[in-house]
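Pasted below: upload25.cif, mmCIF, C-alpha atoms.
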data_query
#
loop_
_atom_site.label_atom_id
_atom_site.label_comp_id
_atom_site.auth_asym_id
_atom_site.auth_seq_id
_atom_site.Cartn_x
_atom_site.Cartn_y
_atom_site.Cartn_z
CA MET U 1 69.48 -36.66 -55.62
CA ARG U 2 73.05 -36.25 -54.43
CA GLN U 3 73.50 -38.02 -51.15
CA ARG U 4 74.70 -35.92 -48.27
CA PRO U 5 77.76 -37.67 -46.85
CA GLU U 6 76.74 -37.87 -43.22
CA THR U 7 73.11 -38.81 -43.71
CA MET U 8 71.35 -41.79 -45.21
CA ARG U 9 67.96 -42.05 -46.87
CA ARG U 10 65.87 -44.31 -44.63
CA PHE U 11 62.27 -43.78 -45.75
CA THR U 12 60.74 -42.39 -48.94
CA THR U 13 57.90 -39.87 -48.91
CA ALA U 14 55.40 -42.62 -49.74
CA GLU U 15 56.61 -44.73 -46.83
CA ARG U 16 56.35 -41.85 -44.41
CA TRP U 17 52.79 -41.06 -45.54
CA ILE U 18 51.81 -44.71 -45.17
CA HIS U 19 53.16 -44.59 -41.63
CA ARG U 20 51.42 -41.31 -40.80
CA THR U 21 47.99 -42.28 -42.10
CA THR U 22 48.18 -45.77 -40.60
CA ALA U 23 49.26 -44.28 -37.26
CA VAL U 24 46.34 -41.81 -37.24
CA LEU U 25 43.83 -44.53 -38.17
CA MET U 26 45.25 -46.92 -35.57
CA GLY U 27 45.14 -44.16 -32.94
CA VAL U 28 41.50 -43.32 -33.72
CA ALA U 29 40.56 -47.02 -33.71
CA LEU U 30 42.21 -47.57 -30.32
CA LEU U 31 40.76 -44.38 -28.79
CA THR U 32 37.20 -45.06 -29.97
CA ALA U 33 37.61 -48.65 -28.77
CA ALA U 34 38.61 -47.39 -25.32
CA PHE U 35 35.61 -45.06 -25.18
CA LEU U 36 33.25 -47.84 -26.26
CA TYR U 37 34.71 -50.41 -23.95
CA LEU U 38 35.78 -48.81 -20.66
CA PRO U 39 32.75 -47.79 -18.59
CA ALA U 40 34.49 -44.79 -17.01
CA LEU U 41 35.31 -43.34 -20.46
CA ALA U 42 31.95 -44.33 -21.96
CA GLU U 43 30.19 -42.36 -19.20
CA LEU U 44 32.19 -39.27 -20.16
CA VAL U 45 31.06 -39.10 -23.78
CA GLY U 46 27.99 -41.29 -24.39
CA ARG U 47 27.11 -40.90 -28.11
CA ARG U 48 27.44 -44.62 -28.63
CA ARG U 49 26.22 -44.80 -32.23
CA LEU U 50 28.62 -42.08 -33.39
CA LEU U 51 31.59 -43.80 -31.73
CA VAL U 52 30.61 -47.15 -33.25
CA SER U 53 30.39 -45.63 -36.75
CA VAL U 54 33.76 -43.89 -36.44
CA HIS U 55 35.35 -47.09 -35.11
CA GLU U 56 33.90 -49.24 -37.91
CA TRP U 57 34.97 -46.94 -40.73
CA THR U 58 38.41 -46.40 -39.24
CA GLY U 59 38.85 -50.16 -39.14
CA LEU U 60 37.79 -50.50 -42.78
CA LEU U 61 40.25 -47.79 -43.87
CA LEU U 62 43.17 -49.09 -41.80
CA PRO U 63 44.67 -51.48 -44.40
CA LEU U 64 44.26 -49.05 -47.30
CA PRO U 65 47.41 -46.86 -46.90
CA LEU U 66 49.69 -49.88 -47.10
CA LEU U 67 47.70 -51.42 -49.97
CA ALA U 68 47.96 -48.16 -51.91
CA GLY U 69 51.65 -48.01 -51.04
CA LEU U 70 52.28 -51.30 -52.84
CA ALA U 71 52.38 -49.22 -56.02
CA PHE U 72 55.79 -47.87 -54.92
CA ARG U 73 58.96 -49.89 -55.49
CA ALA U 74 60.63 -48.65 -52.29
CA VAL U 75 57.63 -49.83 -50.27
CA ARG U 76 57.72 -53.28 -51.87
CA ALA U 77 61.47 -53.49 -51.26
CA ASP U 78 61.11 -52.67 -47.57
CA LEU U 79 58.25 -55.17 -47.23
CA GLY U 80 60.65 -57.75 -48.70
CA ARG U 81 63.22 -56.87 -46.06
CA LEU U 82 60.62 -57.06 -43.29
CA ASN U 83 59.43 -60.45 -44.50
CA ARG U 84 62.78 -62.26 -44.67
CA PHE U 85 64.65 -63.52 -41.63
CA GLY U 86 68.37 -64.20 -42.08
CA PRO U 87 70.82 -65.80 -39.62
CA HIS U 88 71.66 -62.37 -38.18
CA ASP U 89 67.99 -61.89 -37.27
CA ARG U 90 67.98 -65.11 -35.29
CA ARG U 91 71.14 -64.00 -33.46
CA TRP U 92 69.57 -60.60 -32.79
CA LEU U 93 66.41 -62.21 -31.39
CA SER U 94 68.19 -64.64 -29.11
CA ALA U 95 70.38 -61.80 -27.82
CA ALA U 96 67.31 -59.62 -27.25
CA LEU U 97 65.59 -62.44 -25.39
CA ARG U 98 68.64 -62.66 -23.12
CA HIS U 99 68.71 -58.85 -22.73
CA ARG U 100 72.09 -58.60 -24.42
CA THR U 101 71.31 -55.85 -26.93
CA VAL U 102 72.60 -53.12 -24.65
CA GLY U 103 76.34 -52.50 -24.64
CA ARG U 104 77.19 -55.32 -27.03
CA PRO U 105 75.12 -54.61 -30.11
CA VAL U 106 74.15 -57.45 -32.42
CA PRO U 107 74.33 -56.42 -36.07
CA ALA U 108 70.97 -55.77 -37.71
CA GLY U 109 69.96 -54.93 -41.25
CA LYS U 110 67.71 -52.02 -42.22
CA PHE U 111 65.19 -53.46 -39.78
CA ASN U 112 66.11 -55.51 -36.75
CA ALA U 113 64.28 -58.74 -35.98
CA GLY U 114 62.09 -57.04 -33.38
CA GLN U 115 60.90 -54.48 -35.92
CA LYS U 116 60.26 -57.26 -38.43
CA LEU U 117 58.15 -59.20 -35.96
CA TYR U 118 56.26 -56.06 -34.95
CA ALA U 119 55.47 -55.30 -38.60
CA ALA U 120 54.26 -58.85 -39.24
CA PHE U 121 52.20 -58.86 -36.05
CA THR U 122 50.57 -55.55 -36.96
CA ALA U 123 49.74 -56.72 -40.48
CA GLY U 124 48.22 -59.95 -39.17
CA ALA U 125 46.41 -58.15 -36.36
CA VAL U 126 44.81 -55.58 -38.69
CA LEU U 127 43.50 -58.38 -40.93
CA VAL U 128 42.16 -60.44 -38.02
CA MET U 129 40.54 -57.34 -36.47
CA LEU U 130 39.00 -56.50 -39.85
CA GLY U 131 37.57 -60.00 -40.26
CA THR U 132 36.20 -60.30 -36.72
CA GLY U 133 34.98 -56.71 -36.85
CA LEU U 134 32.99 -57.40 -40.02
CA LEU U 135 31.42 -60.47 -38.37
CA MET U 136 30.29 -58.25 -35.46
CA TRP U 137 29.18 -55.42 -37.77
CA PHE U 138 27.11 -57.47 -40.23
CA THR U 139 25.46 -59.80 -37.77
CA HIS U 140 23.53 -61.71 -40.42
CA LEU U 141 26.78 -62.91 -42.05
CA ALA U 142 27.42 -65.70 -39.59
CA PRO U 143 25.77 -67.90 -36.97
CA LEU U 144 25.68 -66.65 -33.40
CA VAL U 145 28.46 -68.87 -32.08
CA TRP U 146 30.84 -67.34 -34.65
CA ARG U 147 29.85 -63.88 -33.50
CA THR U 148 30.59 -64.74 -29.88
CA GLY U 149 33.94 -66.13 -31.04
CA ALA U 150 34.59 -63.02 -33.12
CA THR U 151 33.87 -60.81 -30.11
CA PHE U 152 36.24 -62.91 -28.03
CA VAL U 153 39.09 -62.61 -30.57
CA HIS U 154 38.40 -58.91 -31.24
CA ASP U 155 38.44 -58.00 -27.50
CA TRP U 156 41.60 -59.89 -26.54
CA LEU U 157 43.55 -59.01 -29.68
CA ALA U 158 42.63 -55.35 -29.14
CA LEU U 159 44.28 -55.55 -25.72
CA ALA U 160 47.42 -57.09 -27.25
CA ILE U 161 47.52 -54.43 -29.99
CA ALA U 162 47.16 -51.63 -27.43
CA VAL U 163 50.09 -53.00 -25.42
CA LEU U 164 52.31 -53.42 -28.49
CA VAL U 165 51.44 -50.00 -29.96
CA LEU U 166 52.31 -48.40 -26.61
CA GLY U 167 55.59 -50.34 -26.68
CA HIS U 168 56.23 -49.09 -30.24
CA ILE U 169 55.64 -45.47 -29.14
CA TRP U 170 57.82 -45.97 -26.07
CA MET U 171 60.73 -47.27 -28.19
CA ALA U 172 60.36 -44.29 -30.54
CA ALA U 173 60.23 -41.89 -27.60
CA ARG U 174 63.64 -43.15 -26.49
CA ASP U 175 65.31 -42.73 -29.89
CA PRO U 176 65.16 -39.20 -31.39
CA GLU U 177 67.19 -40.23 -34.44
CA ALA U 178 64.77 -43.03 -35.28
CA ARG U 179 61.94 -40.50 -35.03
CA ARG U 180 63.85 -38.11 -37.30
CA GLY U 181 64.14 -40.93 -39.82
CA MET U 182 60.37 -41.35 -39.89
CA ARG U 183 59.71 -37.58 -39.86
CA THR U 184 62.22 -36.41 -42.49
CA GLY U 185 63.23 -39.63 -44.22
CA TRP U 186 66.93 -39.12 -43.33
CA VAL U 187 69.09 -40.47 -40.53
CA SER U 188 72.70 -39.86 -39.60
CA ARG U 189 75.25 -42.37 -40.79
CA ALA U 190 76.58 -42.70 -37.25
CA TRP U 191 73.15 -43.78 -36.02
CA ALA U 192 72.78 -46.25 -38.89
CA ARG U 193 76.23 -47.68 -38.15
CA ARG U 194 75.26 -48.17 -34.52
CA GLU U 195 71.68 -49.44 -34.92
CA HIS U 196 71.60 -50.98 -38.40
CA PRO U 197 75.23 -51.74 -39.35
CA LEU U 198 74.43 -54.30 -42.08
CA TRP U 199 72.24 -51.73 -43.82
CA GLU U 200 74.85 -48.99 -43.44
CA LYS U 201 77.44 -51.21 -45.15
CA GLU U 202 75.15 -51.76 -48.15
CA SER U 203 75.07 -48.12 -49.06
CA PRO U 204 77.37 -47.05 -51.91
CA ASP U 205 78.60 -44.21 -49.76
CA ALA U 206 80.05 -46.69 -47.31
CA GLN U 207 83.46 -46.86 -49.01
CA PRO U 208 86.08 -45.00 -46.99
CA ARG U 209 86.03 -41.39 -48.01
CA PRO U 210 89.28 -39.59 -48.86
CA MET O 1 68.42 -55.47 -51.21
CA GLY O 2 71.50 -56.87 -49.51
CA LYS O 3 71.87 -59.46 -46.84
CA ASP O 4 68.75 -58.18 -45.18
CA GLY O 5 66.35 -59.30 -47.86
CA THR O 6 67.17 -62.99 -47.95
CA GLY O 7 66.28 -65.88 -45.69
CA ALA O 8 63.10 -67.53 -44.53
CA PRO O 9 59.82 -65.65 -45.04
CA VAL O 10 59.11 -65.45 -41.32
CA GLY O 11 56.98 -62.31 -41.70
CA ARG O 12 54.56 -64.07 -44.04
CA ARG O 13 54.42 -67.06 -41.69
CA VAL O 14 53.58 -64.80 -38.75
CA VAL O 15 50.74 -63.14 -40.72
CA LEU O 16 49.34 -66.49 -41.91
CA GLY O 17 49.73 -67.95 -38.42
CA MET O 18 47.76 -65.06 -36.95
CA LEU O 19 45.00 -65.51 -39.53
CA GLY O 20 44.85 -69.19 -38.59
CA LEU O 21 44.78 -68.43 -34.88
CA GLY O 22 42.14 -65.76 -35.47
CA ALA O 23 39.92 -68.24 -37.33
CA ALA O 24 40.44 -70.86 -34.61
CA GLY O 25 39.58 -68.21 -32.00
CA VAL O 26 36.36 -67.35 -33.83
CA ALA O 27 35.44 -71.05 -33.93
CA ALA O 28 36.32 -71.80 -30.31
CA GLY O 29 35.96 -68.34 -28.72
CA GLY O 30 32.43 -68.87 -27.41
CA TYR O 31 33.59 -71.76 -25.26
CA LEU O 32 36.89 -70.15 -24.26
CA GLN O 33 35.18 -66.92 -23.20
CA SER O 34 32.72 -68.65 -20.89
CA GLY O 35 35.61 -70.49 -19.21
CA LEU O 36 37.52 -67.22 -18.91
CA ASP O 37 34.44 -65.45 -17.53
CA ASN O 38 34.40 -67.83 -14.58
CA LEU O 39 38.14 -67.45 -14.02
CA LEU O 40 37.96 -63.65 -14.28
CA ALA O 41 34.97 -63.47 -11.96
CA SER O 42 36.99 -65.15 -9.23
CA VAL O 43 40.02 -62.93 -9.93
CA THR O 44 37.94 -59.72 -10.01
CA ALA O 45 36.30 -60.62 -6.72
CA LYS O 46 39.71 -60.63 -4.99
CA ASP O 47 41.37 -57.80 -6.92
CA PRO O 48 41.65 -54.65 -4.79
CA THR O 49 43.03 -52.53 -7.67
CA GLY O 50 40.05 -53.05 -9.96
CA LEU O 51 42.46 -53.40 -12.89
CA SER O 52 41.15 -56.85 -13.78
CA GLY O 53 37.85 -55.14 -14.56
CA LEU O 54 39.55 -53.79 -17.70
CA LEU O 55 39.97 -57.27 -19.14
CA PRO O 56 37.46 -58.45 -21.74
CA GLY O 57 34.52 -60.46 -20.56
CA GLY O 58 34.88 -59.97 -16.81
CA GLN O 59 31.50 -60.13 -15.14
CA GLY O 60 29.84 -56.80 -14.71
CA PHE O 61 27.80 -54.15 -16.38
CA ARG O 62 29.08 -52.21 -19.33
CA PHE O 63 27.96 -48.63 -19.67
CA TYR O 64 25.98 -47.87 -22.81
CA SER O 65 24.40 -44.51 -23.51
CA VAL O 66 23.19 -43.07 -26.78
CA ALA O 67 22.90 -39.57 -25.33
CA ASP O 68 25.62 -36.91 -25.17
CA SER O 69 26.23 -37.19 -21.45
CA VAL O 70 24.88 -38.84 -18.34
CA PRO O 71 21.69 -36.95 -17.45
CA HIS O 72 21.26 -36.15 -13.78
CA ARG O 73 18.00 -35.72 -11.93
CA SER O 74 17.83 -35.65 -8.16
CA ALA O 75 15.45 -37.76 -6.12
CA ALA O 76 13.52 -34.57 -5.31
CA ASP O 77 13.26 -33.33 -8.91
CA TYR O 78 12.35 -36.68 -10.40
CA ARG O 79 8.92 -37.09 -12.06
CA LEU O 80 7.34 -39.98 -13.92
CA THR O 81 4.24 -39.28 -15.98
CA VAL O 82 1.74 -41.92 -17.09
CA ASP O 83 -0.51 -40.63 -19.87
CA GLY O 84 -1.96 -41.40 -23.29
CA LEU O 85 -4.92 -43.75 -23.52
CA VAL O 86 -5.67 -43.82 -19.78
CA ASP O 87 -8.60 -42.62 -17.69
CA ARG O 88 -6.44 -40.88 -15.06
CA PRO O 89 -3.15 -39.40 -16.34
CA THR O 90 -0.81 -39.30 -13.34
CA THR O 91 2.52 -37.81 -12.37
CA TYR O 92 4.58 -39.67 -9.78
CA THR O 93 7.35 -38.40 -7.54
CA LEU O 94 10.02 -40.84 -6.38
CA GLU O 95 8.50 -40.67 -2.90
CA ARG O 96 5.12 -41.70 -4.24
CA LEU O 97 6.63 -44.63 -6.16
CA ARG O 98 8.44 -45.78 -3.03
CA ALA O 99 5.17 -45.69 -1.08
CA MET O 100 3.59 -48.22 -3.47
CA PRO O 101 3.93 -52.02 -3.00
CA ARG O 102 7.56 -53.09 -3.55
CA THR O 103 8.68 -55.98 -5.70
CA ARG O 104 12.24 -57.33 -5.54
CA LEU O 105 13.44 -59.56 -8.37
CA VAL O 106 16.79 -61.36 -8.50
CA ARG O 107 17.53 -62.49 -12.03
CA ASP O 108 20.41 -62.59 -14.51
CA VAL O 109 20.90 -59.48 -16.63
CA GLN O 110 21.54 -60.37 -20.28
CA CYS O 111 22.75 -57.80 -22.79
CA VAL O 112 22.09 -58.40 -26.47
CA THR O 113 25.82 -57.79 -27.14
CA GLY O 114 26.66 -60.85 -25.06
CA TRP O 115 27.60 -59.85 -21.53
CA ARG O 116 25.61 -61.27 -18.65
CA VAL O 117 25.53 -60.32 -14.98
CA PRO O 118 24.31 -63.18 -12.80
CA HIS O 119 21.88 -62.92 -9.86
CA TYR O 120 21.30 -59.19 -9.70
CA ALA O 121 18.58 -57.60 -7.59
CA PHE O 122 16.17 -54.97 -8.91
CA THR O 123 13.54 -53.42 -6.67
CA GLY O 124 10.61 -51.24 -7.68
CA VAL O 125 6.95 -51.01 -8.56
CA ARG O 126 5.21 -53.41 -10.90
CA LEU O 127 4.24 -51.80 -14.17
CA ALA O 128 0.91 -53.59 -13.80
CA ASP O 129 0.19 -51.63 -10.60
CA LEU O 130 0.89 -48.30 -12.30
CA LEU O 131 -1.36 -49.29 -15.20
CA ALA O 132 -4.15 -50.28 -12.83
CA GLN O 133 -3.93 -46.93 -11.04
CA ALA O 134 -4.08 -45.01 -14.31
CA GLY O 135 -6.98 -47.03 -15.71
CA VAL O 136 -6.08 -48.36 -19.15
CA ARG O 137 -8.68 -47.62 -21.83
CA PRO O 138 -9.89 -50.55 -23.98
CA GLU O 139 -8.33 -49.16 -27.18
CA ALA O 140 -4.81 -49.10 -25.63
CA LYS O 141 -2.61 -51.88 -27.00
CA ALA O 142 0.97 -50.87 -26.16
CA LEU O 143 3.25 -48.73 -23.99
CA ARG O 144 5.81 -46.21 -25.13
CA PHE O 145 8.60 -45.36 -22.67
CA THR O 146 10.47 -42.06 -22.90
CA CYS O 147 13.57 -40.97 -21.01
CA PHE O 148 14.93 -37.73 -19.65
CA ASP O 149 18.19 -38.19 -21.57
CA GLY O 150 16.03 -36.79 -24.38
CA VAL O 151 16.98 -39.52 -26.86
CA TYR O 152 16.16 -43.02 -25.72
CA SER O 153 12.79 -44.66 -26.01
CA GLU O 154 11.38 -48.16 -25.66
CA SER O 155 8.16 -50.04 -26.14
CA LEU O 156 6.20 -53.00 -24.76
CA THR O 157 2.87 -54.50 -25.68
CA LEU O 158 0.17 -54.19 -23.02
CA ASP O 159 0.27 -57.95 -22.37
CA GLN O 160 4.05 -57.88 -21.88
CA ALA O 161 3.82 -54.87 -19.57
CA ARG O 162 1.27 -56.59 -17.33
CA ARG O 163 3.66 -59.49 -16.55
CA PRO O 164 4.72 -59.64 -12.89
CA ASP O 165 8.43 -59.41 -13.86
CA MET O 166 8.17 -55.96 -15.48
CA LEU O 167 9.22 -53.27 -13.00
CA VAL O 168 9.70 -49.55 -12.73
CA ALA O 169 12.85 -49.91 -10.63
CA TYR O 170 14.38 -47.47 -8.16
CA GLU O 171 16.92 -49.84 -6.56
CA MET O 172 19.64 -52.01 -8.06
CA ASP O 173 21.60 -54.34 -5.80
CA ASP O 174 19.48 -52.97 -2.90
CA LYS O 175 20.88 -49.46 -3.36
CA PRO O 176 19.31 -46.45 -5.11
CA VAL O 177 19.88 -46.64 -8.88
CA THR O 178 22.88 -44.45 -9.69
CA ALA O 179 22.82 -41.87 -12.50
CA ALA O 180 25.16 -44.04 -14.64
CA HIS O 181 22.81 -47.00 -14.26
CA GLY O 182 19.80 -44.89 -15.25
CA GLY O 183 18.73 -43.49 -11.88
CA PRO O 184 16.81 -42.36 -10.04
CA VAL O 185 14.28 -44.57 -11.85
CA ARG O 186 14.65 -46.98 -14.76
CA LEU O 187 12.63 -49.68 -16.42
CA TYR O 188 13.48 -53.31 -15.63
CA ALA O 189 12.13 -55.78 -18.18
CA ALA O 190 13.44 -58.98 -16.55
CA PRO O 191 12.66 -61.56 -19.27
CA MET O 192 14.02 -59.41 -22.09
CA TYR O 193 17.40 -58.26 -23.38
CA PHE O 194 18.68 -55.35 -21.36
CA TYR O 195 18.17 -52.69 -24.05
CA LYS O 196 14.47 -52.97 -23.16
CA SER O 197 15.25 -51.81 -19.61
CA ALA O 198 15.34 -48.12 -20.49
CA LYS O 199 17.46 -45.91 -18.24
CA TRP O 200 16.35 -42.50 -16.91
CA LEU O 201 12.67 -43.34 -17.35
CA SER O 202 10.47 -40.24 -17.34
CA GLY O 203 7.32 -41.08 -19.30
CA ILE O 204 4.94 -43.95 -19.96
CA THR O 205 2.40 -43.32 -22.71
CA LEU O 206 -0.37 -45.77 -23.57
CA THR O 207 -0.76 -46.07 -27.37
CA ASP O 208 -3.03 -47.97 -29.73
CA HIS O 209 -0.11 -49.66 -31.49
CA VAL O 210 3.51 -50.52 -30.72
CA GLN O 211 5.86 -47.63 -31.57
CA PRO O 212 9.43 -48.88 -32.12
CA GLY O 213 12.01 -47.71 -29.57
CA TYR O 214 15.48 -46.27 -30.19
CA TRP O 215 17.42 -49.47 -30.99
CA GLU O 216 14.43 -51.04 -32.71
CA HIS O 217 14.76 -48.39 -35.42
CA TYR O 218 18.21 -49.88 -36.01
CA GLY O 219 17.00 -53.44 -36.43
CA TYR O 220 16.73 -54.81 -32.89
CA ASP O 221 13.72 -57.02 -32.22
CA MET O 222 10.66 -55.42 -30.60
CA ASP O 223 9.82 -58.57 -28.65
CA ALA O 224 13.20 -58.96 -27.01
CA TRP O 225 12.75 -62.24 -25.11
CA VAL O 226 16.12 -63.47 -23.87
CA GLY O 227 17.10 -66.56 -25.87
CA ARG O 228 14.26 -66.21 -28.35
CA SER O 229 15.04 -63.01 -30.28
CA ASN O 230 17.75 -61.03 -32.02
CA GLY O 231 19.20 -64.30 -33.38
CA ARG O 232 20.54 -65.25 -29.96
CA THR O 233 20.17 -68.43 -27.95
CA ASP O 234 21.10 -67.33 -24.41
CA ALA O 235 19.55 -69.14 -21.46
CA PRO O 236 16.35 -67.32 -20.39
CA THR O 237 16.58 -64.87 -17.49
CA SER O 238 13.01 -65.32 -16.30
#
For the file at hand, write its structure as structure tokens.
Amino acid sequence: MRQRPETMRRFTTAERWIHRTTAVLMGVALLTAAFLYLPALAELVGRRRLLVSVHEWTGLLLPLPLLAGLAFRAVRADLGRLNRFGPHDRRWLSAALRHRTVGRPVPAGKFNAGQKLYAAFTAGAVLVMLGTGLLMWFTHLAPLVWRTGATFVHDWLALAIAVLVLGHIWMAARDPEARRGMRTGWVSRAWARREHPLWEKESPDAQPRP
Amino acid sequence: MGKDGTGAPVGRRVVLGMLGLGAAGVAAGGYLQSGLDNLLASVTAKDPTGLSGLLPGGQGFRFYSVADSVPHRSAADYRLTVDGLVDRPTTYTLERLRAMPRTRLVRDVQCVTGWRVPHYAFTGVRLADLLAQAGVRPEAKALRFTCFDGVYSESLTLDQARRPDMLVAYEMDDKPVTAAHGGPVRLYAAPMYFYKSAKWLSGITLTDHVQPGYWEHYGYDMDAWVGRSNGRTDAPTS
């Protein structure tokens, strides 16, 4: 495909579908969790067995989009980027921790260090929730004290996930161009230069145009 | 992949670290949660916003219903029927139940999913008194409880039902039982896991054998003694 000069390809179709399906599954898991867990919401809907079944199956399906996505080279490449932390990521993090990202931007690659940590946290969280969820689902799998422990981890990690997912949505709500990147796969070069300058420089189109 | 794709594999370390922490949490969580319960109980007691009630494991009831919505029945409309293998099938109004001898029990409430509410008062009529009034026939061996949510049911053996800590309760915490808690009248099976204490109680039928209740169809124990059933080892409540 010929690259349009003022836009850059940020996400492939496969990546965007992984994001969409994972987002829907995560949303359903969090919503059913809220209705199972918060008495005020539970009183509104009842139907406990139905909610439990939906929650369990959503949890089982949650890792599948990304696993299926491993078949695509672009997905594996972006996972490689998310995994590795270079010196610029450490600078970005320490600046972010000192609230210095505004006004004096710290160069980031295709993903900044915050996005990398969020991705790693989500991957770890989904696996831990899956494991503890299975212990609570199939009660004969483990002794009781493990089940109590699994409930403890599942409850508190759910709270952390809810907070971080809300933060993720809040960041997206503040950045229309980032949302466009996830919706259409393309972002403007100006946005990339501002938010992800190291990535913008990599692109073959980055040479000065006549 | 450019500059971005090199460096330490921090992402993998975060994932592995979380798996390790998760496993440690599963191993130690039982002990941590009971410590947190005590801490949260003291926080919740002083929290005017009620927000701390949203945290996991804070003391208090959790609302469980298998029906579509909370069924409502006013104190005036409420009826409890006792029938089946009895000499005198009877229908009780709330007023008539209140006129019978009262029993007030203060025990811990223990749910089979783990939460426990300490020292909670239930007031009502002893099941044994209702059975005596109805006149249980010799062939009766068990009780089947039905509820006006239209879905839930429970069971007890006759011997269990005649214990002095089995109540048909119309007050919780010395106030009328609210609709969300199963009011106006619910069962209170003090020595058993709380799923036995059927909400919205509307019928007691004497049967010649134990008929499994709602959750018992899904593998819960019929004899739900706290600490001695459902694979759990909680401290007894009675």
Test item: chain U residues at most 7 Å from chain O, counting all atoms listed in the file, as a PyMOL selection string: chain U and resi 38-39+42-49+80-86+109-110+116-117+120-121+123-124+128+144-146+148-150+152-153+155-156+202
Which residue of O:Gly183, O:Gly150, O:Pro176, O:Pro101 approaches Ala121 (chain O) most closely, using only C-alpha atoms: O:Pro176
Gap from CA of Gln211 (chain O) to CA of Arg228 (chain O) - Å, one decimal: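 CA of Gln211 (chain O) sits 20.6 Å away from CA of Arg228 (chain O).
With distances restricted to all atoms listed in the file, O:Leu80 is the closest residue to Trp200 (chain O) from O:Leu80, O:Met100, O:Met166, O:Cys111.
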Non-local contacts of region 157-166 of chain U (10 Å; only C-alpha atoms; under 3 positions in same chain excluded) as a list of chain:residue names: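 So the residues in contact are U:Ala23, U:Met26, U:Gly27, U:Ala29, U:Leu30, U:Leu31, U:Ala33, U:Ala34, U:Tyr118, U:Phe121, U:Thr122, U:Ala125, U:Val126, U:Val128, U:Met129, U:Thr151, U:Phe152, U:Val153, U:His154, U:Ile169, U:Trp170, U:Met171, U:Ala172, O:Gly22, O:Leu54, O:Leu55, O:Pro56.
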Exercise: Glu195 (chain U) partners within 12 Å, only C-alpha atoms, chain neighbours under 3 positions left out, as a PyMOL selection string: chain U and resi 92+101-113+115+175+177-178+187-192+198-201
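In this model, the gap between CA of Leu51 (chain U) and CA of Leu36 (chain U) comes to 7.0 Å.
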Residues within 8 Å of (58.6, -35.1, -45.0), counting only C-alpha atoms, listed as a PyMOL selection string: chain U and resi 13+16+183-185
Best match for closeness to Gly131 (chain U) among U:Leu60, U:Ala95, U:Leu79, U:Ala173, counting all atoms listed in the file: U:Leu60
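Atom pair CA of Gly181 (chain U) / CA of Ser203 (chain U) has a distance of 16.0 Å (rounded to one decimal).
For the residues U:Leu64, U:Asp78, U:Pro176, U:Glu56, ranking by smallest atom-to-atom distance to Phe138 (chain U) using only C-alpha atoms places U:Glu56 first.
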